[in-house]
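Student: Provided herewith is a single structure, encoded as structure tokens, for subsequent inquiry.
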Amino acid sequence: MLSVSDLVSVTVNLSALAAVGRNFGILMIAGDSNVINGLQRYQTFSSIEQVASVFGATAPEYLAANLYFSQSPQPSQCMIGRWLRTATSGQNLGEILNATQQNIANFNAISTGSMSIAIDGTTQNLTGINFNGTTNLNGVATAVNAVLTGAVCTWNGSEFVITSNSSGAGVQASGTITFTGTGSNTDTLTVGGTSIELVTGTPTGNEVQIGATASATAGNMYTFLAASVDTNISKCTYSLNGAVITATYKLVGTSGNSFSLAKSSTAITLSGSDLSGGAVPSSVGYATTYSSGIDISALLGLTSSTSLSLVLGYAAESPVQCATALTNLTSAFYGLMFAASVMPTDQQSLAVSSYIEGLEITRLYGVTTQETASLSSLSNTDLGAEMAAAEYDQSMIQYSSSSPYAIASLFGRAFSVDFTAQNSTIDLMYKQEPGVTPENITDSQAAVLEAKNINVYASYNNGTQLIQYGVCSSGQYIDTIQGVDWFQNDVQTQVFNVLYTSTTKVPQTDAGINQLTNACTSACQDAVNNGLSAPGQWNGPSFGSLQTGQYLKNGYYVFAPSVSTQSQSDRDARKSPPIQIALKLAGAVNTVNVLVTVNQ
């Protein structure tokens with residue numbers, strides 16, 4: 001039979017799926033519980049029950065998440081990330097064993113079990129492992145530990161895990177070369193077996209010119225070492241501080257501890273004849289079959305083909321390093337707070353705020369303070385006062401004498417907003433914080449907190465409790481910052497999708513630019529629909545046909561000049577003319593003055 005396509009050919013092209021905007025309702029709780037490892041780094045949870053099943057009901061992460069999910073309406077998700085507050089140990093995370101694999105009969109028949117496994121780089125041959133008489137898998141782990149050194153085998157209910165007794169990411173060996181004088185002609189410095197000669201004349205080959213001072217000679221030597229491609233010298237990196245050169249072996253581990261330094265000059269002092277301080281990373285390798293006995297490596301699920309993964313040890317990190325790692329890993333969360341056994345110091349929190357403030361992908365950092373100095377106008381060094389002085393727009397702080405994680409509840413209320421829904425935006429003032437004990441503060445203390453832009457969950461004399469004041473450290477309202485961040489992303493996403501989903505091109509014409517302004521208009525209408533924007537008088541600068549003082553009947557105005565006004569260089573670079581948006585915020589009413597005149 002003849003094909004119809006010979007007469008009528010139809011080709012269907014699917015257009016690209018539009019990009020999805022960010023979620024501005026997910027909190028990242030960073031904690032130090034040894035539950036999530038440094039390789040996994042974070043998990044996502046949609047209920048407090050899920051959090052409890054992983055962390056238990058006493059961990060700081062659970063306590064913060066419980067306040068977050070206790071809000072009504074309830075936020076949909078939170079993420080919990082690992083703060084590597086202390087150095088962690090290397091691990092082999094074994095296979096998750098099914099019910100059949102967990103049958104103790106699989107193990108009881110073995111009395112001469114064996115396997116090989118590397119702990120911190122050194123291979124151990126484990127033999128004579130006896131599982132006779134063990135009644136559960138915890139007993140199996142105990143039998144392995146009887147012959148294992150430098151590490152511990154545990155059964156966690158679903159898998160066997162081997163954890164090194166050491167911790168950390170390893171250390172590079174290093175040493176110093178200190179010039180106490182200028183040096184003399186033909187003096188030598190030997191680095192890793194390569195000799196370098198000091199000369200008064202013009203240097204050639206492995207020669208370095210003597211300077212007028214010790215620092216000058218050190219500088220010349222540093223320049224030579226840093227630029228050298230010699231096989232030995234290039235095994236290190238070099239840094240200079242005055243007359244002191246520090247050599248650091250490039251490879252992490254103990255190999256650098258045998259990298260030699262020598263000299264024939266009284267003007268040079270060495271830290272030692274070899275670099276020192278190199279240490280191997282904390283690590284556990286895959287288990288393999290040993291030459292004798294009954295192999296148990298696969299039975300325990302610790303081989304390369306069965307193990308879930310190997311996790312190297314990690315070095316301890318500061319809170320800002322943790323924040324950097326989490327923000328670099330995912331853009332899925334908007335809020336960040338810490339809930340740990342040891343909380344960040346004030347200075348560490350300020351460092352996190354400073355980092356968050358400069359991010360291109362916007363985030364909101366929250367912290368709880370329990371410093372009573374926050375209540376005093378005489379204090380200007382408490383965390384709230386310092387954050388206010390820095391005028392951080394993307395950070396917020398709450399005072400709570402009862403809960404170190406109270407800010408999680410404020411996050412929970414703010415993050416219940418669905419920006420795609422009608423009239424969904426809120427003001428945080430007058431909202432509640434379930435699970436947080438309200439503060440009985442005086443009017444003067446409330447005024448101090450207000451002056452420092454510190455939020456508080458306060459009791460009122462009419463029997464109510466409410467969040468007060470709903471502001472960021474700069475004094476900007478939290479809902480404004482969150483709303484504007486959402487709006488920026490909505491505009492960006494909608495304009496991007498015009499370019500991304502076009503099957504041909506967006507022409508550099510007024511008609512083409514109109515497609516982009518329509519996308520901006522759509523985002524503006526989204527802001528009106530959810531209540532972020534509303535009609536009102538425009539008090540900003542004039543542009544296009546919009547004048548200062550003009551009434552914005554739609555709540556927004558979008559303007560782009562004609563492409564005919566563009567420079568040739570912009571046209572050649574295929575740039576759009578600048579698109580300007582005036583967005584009138586709806587704002588919110590927080591206080592009311594009622595004047596009553598009574599006449600009898």
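Scheme for the structure tokens: letters A, B, ... for chains in order shown; per-chain residue numbers from 1; ligand numbers from 1 in order shown.
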Where does DSSP see alpha helix (DSSP H) in segment 288-388 of chain A, if you list the residues as a list of chain:residue names?
Tutor: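 Assigned to alpha helix (DSSP H), within segment 288-388 of chain A: A:Pro319, A:Val320, A:Gln321, A:Cys322, A:Ala323, A:Thr324, A:Ala325, A:Leu326, A:Thr327, A:Asn328, A:Leu329, A:Asp346, A:Gln347, A:Gln348, A:Ser349, A:Leu350, A:Ala351, A:Val352, A:Ser353, A:Ser354, A:Tyr355, A:Ile356, A:Glu357, A:Leu383, A:Gly384, A:Ala385, A:Glu386, A:Met387, A:Ala388.
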Student: Could the residues in this selection be written to a file with N, CA and C atoms, as a CSV table (one decimal), in the first residue's frame?
Tutor:
```csv
chain,number,residue,atom,x,y,z
A,319,PRO,N,29.7,28.9,59.8
A,319,PRO,CA,28.3,29.1,59.3
A,319,PRO,C,28.2,29.7,57.9
A,320,VAL,N,29.1,30.6,57.7
A,320,VAL,CA,29.0,31.3,56.3
A,320,VAL,C,29.5,30.3,55.3
A,321,GLN,N,30.5,29.4,55.6
A,321,GLN,CA,30.9,28.4,54.7
A,321,GLN,C,29.8,27.4,54.4
A,322,CYS,N,29.0,27.1,55.5
A,322,CYS,CA,27.9,26.2,55.3
A,322,CYS,C,26.8,26.9,54.4
A,323,ALA,N,26.5,28.2,54.7
A,323,ALA,CA,25.6,28.9,53.8
A,323,ALA,C,26.0,28.9,52.4
A,324,THR,N,27.3,29.1,52.2
A,324,THR,CA,27.8,29.2,50.8
A,324,THR,C,27.7,27.8,50.1
A,325,ALA,N,28.0,26.8,50.8
A,325,ALA,CA,27.8,25.4,50.2
A,325,ALA,C,26.4,25.1,49.9
A,326,LEU,N,25.5,25.4,50.8
A,326,LEU,CA,24.0,25.1,50.5
A,326,LEU,C,23.5,26.0,49.4
A,327,THR,N,23.8,27.3,49.3
A,327,THR,CA,23.3,28.1,48.3
A,327,THR,C,23.9,27.8,46.9
A,328,ASN,N,25.1,27.3,46.9
A,328,ASN,CA,25.7,26.8,45.7
A,328,ASN,C,25.2,25.5,45.2
A,329,LEU,N,24.7,24.7,46.1
A,329,LEU,CA,24.1,23.4,45.7
A,329,LEU,C,22.7,23.5,45.1
A,346,ASP,N,27.3,35.7,67.4
A,346,ASP,CA,26.8,36.9,66.8
A,346,ASP,C,27.6,37.3,65.6
A,347,GLN,N,28.9,37.2,65.7
A,347,GLN,CA,29.8,37.6,64.6
A,347,GLN,C,29.6,36.6,63.5
A,348,GLN,N,29.4,35.4,63.8
A,348,GLN,CA,29.2,34.4,62.7
A,348,GLN,C,27.9,34.7,62.0
A,349,SER,N,26.8,35.0,62.7
A,349,SER,CA,25.5,35.4,62.1
A,349,SER,C,25.6,36.6,61.2
A,350,LEU,N,26.4,37.6,61.7
A,350,LEU,CA,26.6,38.8,60.9
A,350,LEU,C,27.3,38.5,59.6
A,351,ALA,N,28.3,37.5,59.7
A,351,ALA,CA,29.0,37.1,58.4
A,351,ALA,C,28.0,36.5,57.5
A,352,VAL,N,27.1,35.6,58.0
A,352,VAL,CA,26.1,35.0,57.1
A,352,VAL,C,25.2,36.1,56.5
A,353,SER,N,24.7,37.0,57.3
A,353,SER,CA,23.9,38.1,56.8
A,353,SER,C,24.6,38.9,55.7
A,354,SER,N,25.8,39.2,55.9
A,354,SER,CA,26.6,39.9,54.9
A,354,SER,C,26.7,39.1,53.6
A,355,TYR,N,26.9,37.8,53.7
A,355,TYR,CA,26.9,36.9,52.5
A,355,TYR,C,25.6,36.9,51.8
A,356,ILE,N,24.5,36.7,52.6
A,356,ILE,CA,23.2,36.6,52.0
A,356,ILE,C,22.8,37.8,51.3
A,357,GLU,N,23.2,39.0,51.8
A,357,GLU,CA,22.9,40.3,51.3
A,357,GLU,C,23.4,40.4,49.9
A,383,LEU,N,23.2,41.6,68.8
A,383,LEU,CA,23.1,41.2,67.4
A,383,LEU,C,22.0,42.0,66.7
A,384,GLY,N,20.9,42.2,67.3
A,384,GLY,CA,19.8,43.0,66.6
A,384,GLY,C,20.3,44.4,66.3
A,385,ALA,N,21.0,45.1,67.2
A,385,ALA,CA,21.5,46.4,67.0
A,385,ALA,C,22.5,46.4,65.8
A,386,GLU,N,23.4,45.4,65.8
A,386,GLU,CA,24.4,45.4,64.8
A,386,GLU,C,23.8,45.1,63.4
A,387,MET,N,22.8,44.2,63.4
A,387,MET,CA,22.2,43.9,62.1
A,387,MET,C,21.4,45.1,61.6
A,388,ALA,N,20.8,45.9,62.5
A,388,ALA,CA,20.1,47.1,62.1
A,388,ALA,C,21.0,48.2,61.6
```
Student: Can you list, as a ChimeraX atom specification, every protein, DNA or RNA residue that comes within 10 Å of Leu137 of chain A when you count only C-alpha atoms, leaving out same-chain residues fewer than 2 positions away?
Tutor: /A:102-104,107,131,134-135,139-143,154-160,300
Student: Segment 563-578 of chain A: which residues within 10 Å, counting only C-alpha atoms, same-chain residues fewer than 3 positions away excluded, as a list in words?
Tutor: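 Non-adjacent residues within range: Pro507, Gln508, Thr509, Asp510, Ala511, Gly512, Ile513, Leu516, Phe559, Ala560 and Ile581 of chain A.
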Student: Which parts of segment 333-517 of chain A does DSSP call strand (DSSP E or B) when run on the backbone here, written out as a ChimeraX atom specification?
Tutor: /A:335-338,364-369,395-399,439,455-459,465-468,471,477
Student: What lies within 9 Å of Thr372 of chain A using only C-alpha atoms, ignoring chain neighbours under 6 positions off, as a list of chain:residue names?
Tutor: A:Asp382, A:Tyr399, A:Ser401
Student: Just write the chosen residues, N, CA and C atoms, as a short mmCIF file (atom, residue, chain, number, x, y, z; two decimals), in the first residue's frame.
Tutor:
```cif
data_model
loop_
_atom_site.label_atom_id
_atom_site.label_comp_id
_atom_site.auth_asym_id
_atom_site.auth_seq_id
_atom_site.Cartn_x
_atom_site.Cartn_y
_atom_site.Cartn_z
N ASP A 382 24.50 44.39 70.76
CA ASP A 382 23.76 43.14 70.64
C ASP A 382 23.51 42.87 69.16
N TYR A 399 13.40 38.33 68.76
CA TYR A 399 13.76 38.11 70.16
C TYR A 399 12.79 37.12 70.77
N SER A 401 12.75 34.79 74.54
CA SER A 401 13.43 34.31 75.74
C SER A 401 13.22 32.82 75.94
#
```
Student: Which is closest to Thr180 of chain A among A:Val495, A:Val471, A:Val229, A:Ile268, if we use only C-alpha atoms?
Tutor: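 Among the listed residues, the smallest separation from Thr180 of chain A belongs to A:Ile268.
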Student: One number please: atom CA of Glu95 of chain A to atom CA of Tyr286 of chain A, in Å, one decimal.
Tutor: 11.5 Å
Student: Compile the contact shell of Gln445 of chain A as a CSV table (one decimal) with C-alpha atoms, in the first residue's frame: residues with an atom at most 8 Å away, counting only C-alpha atoms, same-chain residues fewer than 4 positions apart removed.
Tutor:
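Everything below was put into part39.csv:
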```csv
chain,number,residue,atom,x,y,z
A,375,LEU,CA,15.7,45.0,75.3
A,376,SER,CA,18.0,47.9,76.4
A,441,ILE,CA,7.5,43.0,77.7
A,449,LEU,CA,12.9,46.4,69.9
```
Student: Of the candidates A:Ile361, A:Thr88, A:Asn106, A:Gly128, which shows the shortest atom-to-atom distance to Ile294 of chain A, using only C-alpha atoms?
Tutor: A:Gly128
